[in-house]
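For reference, the structure is listed below as structure tokens.
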Amino acid sequence: MRHPLPALLWRALLAAALVCGIGLLPWLARTDPALTVLKARSADRDPTPEVLADIRAQLGLDQGPFSLLGQWLGGLWRGDAGRSWLSGGEVTPAVLQALGASLLLMAVALTVAAVTAALICARTLWLGAHHGLDNSKAPGAGSAMLAALPEFLTASVLATVVGVQLGWLPALGWYGFRSTILPALALGLPAGAVLGRLLDDLLPGAFAEPWALAAAARGLPGRGIARQAVRRCLPGLLPNTGLFVVGLTGGSVAVEQIFDIPGLGRTTLQAALAQDLPVLQAGALTLLLLAATATGLASLATRRIAGPALRDGSLSSPHRRQTPARTIQPFLYGGLLLAVITLGLPRDPLALDTVRRLQPPSWAHPFGTDALGRDLLARVAHGALDTLLLALVIGAAAFVTGVLLGLVPRIGGPLADTVSAVPPVLGALLVTAVAGTGAATPALAVGFVAWAPLAVHTSALLRQERAALHVTATRGLGAGRGYLLRHELLPAVLPSVTRHALLRLPGTALALASLAFLGLGAQPPSPEWGLLLAENQPYAERAPWAVIAPAAVLALLGALAVSAAGGVRLPRRADRRTAEHRACTRALVETG
């Protein structure tokens with residue numbers, strides 16, 4: 001067993017580097033923190049040299065960033081995270097209060113996600129329990145469309161319809177549990193769709209393992225077999241669930257902004273924009289500790305569930321050969337997307353017609369017009385070129401990076417936890433400080449964190465595959481690490497990770513959209529899809545087609561990605577493991 005001390009030191013080094021980078025953020029970005037603080041305190045006050053000098057004296061900015069960082073770190077040992085540069089109040093109670101609100105919201109959102117994932121997997125579980133599971137089962141497009149829903153758009157619709165028009169639940173503010181329901185739905189539905197797709201991808205392999213076939217041959221109840229199949233898949237799913245815990249706590253910035261929730265994500269957003277470094281450093285450190293805790297609990301649960309079989313190399317392979325689903329869905333969705341782009345490209349996306357502003361769909365404007373009278377079909381089509389190309393490039397880079405770092409979990413694991421704890425807006429500001437502003441800044445910010453779920457998924461699947469019986473036997477015959485990696489491990493793991501990467505493709509576009517919604521992405525008059533959603537969101541109640549059009553195209557992209565992923569399967573070498581499973585099953589039945 002390897003000693004955990006190097007991994008702990010690596011994790012501590014990464015956390016220290018992130019906190020120090022945040023402490024140096026204004027100086028890295030070459031901005032005057034005194035001027036930023038003054039604008040945040042009072043936007044109408046003139047930034048005279050005397051006023052700025054007074055603020056520098058109050059905050060001790062003349063001492064330099066390293067002295068301020070040392071004082072802040074010294075106070076942490078006493079539980080003192082300093083005082084806010086804006087309000088002057090103590091940081092620790094404010095951050096803990098924000099953490100409490102975010103944890104409650106995260107718990108309710110996880111419940112919604114679990115229910116959503118269960119509904120997505122219900123068909124596979126029922127078929128597996130009743131021995132009717134088909135190897136060529138086509139992936140569900142509905143879950144992909146659900147995963148592609150922008151959180152901030154879902155939040156806006158729920159707040160407007162359920163909160164304002166119907167008055168069933170609070171649309172703004174934080175008044176306890178009832179205030180968590182609408183934002184939890186906005187956060188939990190897409191997260192549950194992703195988790196459900198990942199679990200649904202693993203379940204057929206679990207139902208095909210020798211123990212499941214032997215249990216069915218002995219006449220054991222299908223409900224018990226289905227329950228154990230879910231248990232068998234959890235070790236490959238729990239690490240990603242840990243990332244969702246962190247993402248739902250610190251990454252729900254847009255949702256907290258819409259519902260006016262005083263959570264940790266919104267607190268870090270306001271501190272980042274105002275360069276309130278004590279609050280920002282405390283919030284980032286809290287998220288890092290939460291990420292480490294979630295990862296540790298997921299690791300303990302994985303060991304608890306897998307038992308000694310994971311340690312002794314006696315698991316059955318969780319992957320199997322599947323016949324690619326014969327379906328026209330990819331061609332249907334791809335044809336629809338291509339038709340939208342083809343029909344919209346000849347139109348002018350920048351032509352203004354204020355007389356026809358917010359017009360409903362018609363023959364002249366099939367998708368309607370926006371608040372400036374611009375044709376939405378033209379803007380969606382022209383935005384597709386930038387959005388799709390950018391999402392594909394980021395997705396490909398994230399896939400390669402995730403697989404490579406997943407091969408070295410002792411390095412990639414803590415690194416993935418660290419970057420996953422960074423809220424999107426903070427990541428964008430850090431990238432801006434290092435790389436400067438420009439068209440590539442949002443892509444770099446999204447790519448900064450997009451690889452982490454794929455690295456965690458790769459690491460979790462590799463850990464199970466290394467413990468498979470056929471790998472143990474091949475290793476016993478003298479096969480080296482390189483041979484096992486090329487011929488046994490990667491062929492078994494890459495198809496699942498590839499399908500995961502394709503499922504994340506709409507999420508990459510959504511991440512760009514979230515930055516645009518927060519004012520850190522593409523800028524007008526760009527027709528980028530995220531900007532279309534952001535600039536039309538205020539008119540969602542009056543002109544719903546203005547947001548439905550780009551949201552529907554995003555959902556169509558998600559359906560296309562998942563249906564196309566149905567053809568990514570194991571290579572022919574997997575037939576040997578299928579034969580091994582069948583032989584083991586026959587032996588178990590005969591000896592029973």
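In the structure tokens, chains take the letters A, B, ... in the order shown, each chain's residues start at 1, and ligands count up from 1 in the order shown.
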Kindly provide the residues of segment 39-111 of chain A that approach segment 259-275 of chain A to within 6 Å, each paired with its closest atom pair and their distance in Å to one decimal, based on only C-alpha atoms, listed by chain and increasing number, as CSV.
residue,atom,partner,partner_atom,distance
A:Ala40,CA,A:Ala274,CA,5.7
A:Ala98,CA,A:Gly263,CA,4.4
A:Leu99,CA,A:Leu264,CA,5.3
A:Ala101,CA,A:Gly263,CA,5.3
A:Ser102,CA,A:Gly263,CA,4.8
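Residue nearest Pro360 of chain A within the list A:Trp77, A:Phe177, A:Phe207, A:Trp545: A:Trp545 [criterion: smallest interatomic distance, only C-alpha atoms].
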Within 10 Å of Pro538 of chain A, counting only C-alpha atoms, which residues qualify if same-chain residues fewer than 4 places away don't, as a JSON list (two decimals) with N, CA and C atoms, in the first residue's frame?
[["chain", "number", "residue", "atom", "x", "y", "z"],
["A", 156, "SER", "N", -34.40, 31.30, -14.34],
["A", 156, "SER", "CA", -35.20, 32.47, -14.71],
["A", 156, "SER", "C", -36.65, 32.09, -15.00],
["A", 371, "ALA", "N", -34.69, 42.00, -29.00],
["A", 371, "ALA", "CA", -35.11, 43.33, -28.52],
["A", 371, "ALA", "C", -34.67, 44.45, -29.44],
["A", 533, "LEU", "N", -28.55, 33.97, -25.04],
["A", 533, "LEU", "CA", -29.36, 33.65, -23.86],
["A", 533, "LEU", "C", -29.29, 34.76, -22.83],
["A", 534, "ALA", "N", -28.10, 35.29, -22.61],
["A", 534, "ALA", "CA", -27.93, 36.31, -21.58],
["A", 534, "ALA", "C", -28.67, 37.60, -21.93],
["A", 542, "ARG", "N", -42.02, 38.27, -21.71],
["A", 542, "ARG", "CA", -42.74, 38.97, -22.77],
["A", 542, "ARG", "C", -42.56, 38.29, -24.13],
["A", 543, "ALA", "N", -41.35, 37.79, -24.39],
["A", 543, "ALA", "CA", -41.05, 37.16, -25.68],
["A", 543, "ALA", "C", -40.28, 35.86, -25.44],
["A", 544, "PRO", "N", -40.97, 34.81, -25.02],
["A", 544, "PRO", "CA", -40.27, 33.56, -24.66],
["A", 544, "PRO", "C", -39.49, 32.95, -25.82],
["A", 546, "ALA", "N", -37.50, 34.30, -27.70],
["A", 546, "ALA", "CA", -36.14, 34.86, -27.78],
["A", 546, "ALA", "C", -35.13, 34.01, -27.03],
["A", 547, "VAL", "N", -35.59, 33.30, -25.99],
["A", 547, "VAL", "CA", -34.68, 32.41, -25.26],
["A", 547, "VAL", "C", -34.92, 30.95, -25.62]]
Give me, as a ChimeraX atom specification, all polymer residues having an atom no more than 12 Å from Leu277 of chain A, counting only C-alpha atoms and skipping those fewer than 3 positions away in the same chain. /A:19-27,33-34,36-37,59,61,65,68-69,72,81-86,91,267-274,280-285,426
Please give the complete set of residues from segment 160-306 of chain A that DSSP, run on the backbone, assigns to helix (DSSP H, G or I), formatted as a PyMOL selection string. chain A and resi 160-165+177-207+210-217+222-250+253-259+264-274+277-306
Here is a test: counting only C-alpha atoms, which residue of A:Gly406, A:Gly176, A:Pro204, A:Pro93 is nearest to Leu127 of chain A? A:Pro204
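The environment of Gly188 of chain A within 8 Å, counting only C-alpha atoms and disregarding residues fewer than 2 places along the same chain, consists of Ala109, Leu110, Thr111, Val112, Ala113, Thr116, Ala184, Leu185, Ala186, Pro190, Ala191 and Gly192 of chain A.
Comparing A:Ala229, A:Val162, A:Val393, A:Phe448 by their smallest distance to Leu213 of chain A, the closest is A:Ala229 (using only C-alpha atoms).
Across A:Ile548, A:Ala193, A:Leu444, A:Leu35, the tightest approach to Leu430 of chain A is made by A:Leu444 when counting only C-alpha atoms.
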Do you know which residues are at most 12 Å from Ala292 of chain A counting only C-alpha atoms, after dropping those on the same chain fewer than 4 positions away, and could you put them as number ranges by chain? A: 7-8, 11-12, 14-15, 239, 242-243, 245-246, 285-288, 296-299, 413-421
Two-atom distance - atom CA of Ala443 of chain A, atom CA of Thr508 of chain A (Å): 9.2 Å
Write out as a list in words which residues come within 10 Å of Pro409 of chain A when counting only C-alpha atoms, dropping same-chain ones fewer than 6 positions away. Ala7, Leu415, Ala416, Ala455, Val456, Thr458, Ser459, Ala460, Leu462 and Arg463 of chain A
Writer output for current selection, C-alpha atoms, as a CSV table (one decimal), in the first residue's frame:
chain,number,residue,atom,x,y,z
A,7,ALA,CA,-0.6,13.0,-2.1
A,415,LEU,CA,-5.3,18.7,-9.2
A,416,ALA,CA,-8.9,17.9,-10.4
A,455,ALA,CA,-9.8,12.8,-15.3
A,456,VAL,CA,-11.8,11.6,-12.3
A,458,THR,CA,-10.9,7.8,-16.1
A,459,SER,CA,-9.1,7.2,-12.8
A,460,ALA,CA,-12.2,5.6,-11.2
A,462,LEU,CA,-9.0,2.3,-14.4
A,463,ARG,CA,-9.0,1.5,-10.7
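The nearest approach to Leu133 of chain A among the residues A:Gly205, A:Gly74, A:Gly88, A:Gly402, with only C-alpha atoms taken into account, belongs to A:Gly205.
Nearest to Leu105 of chain A of all the residues A:Ser252, A:Thr474, A:Thr241, A:Thr401 is A:Ser252, based on only C-alpha atoms.
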Please, what distance in Å, to one decimal, runs between atom CA of Ala428 of chain A and atom CA of Pro442 of chain A? 6.5 Å
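Counting from atom CA of Leu485 of chain A, the distance to atom CA of Leu461 of chain A is 12.8 Å.
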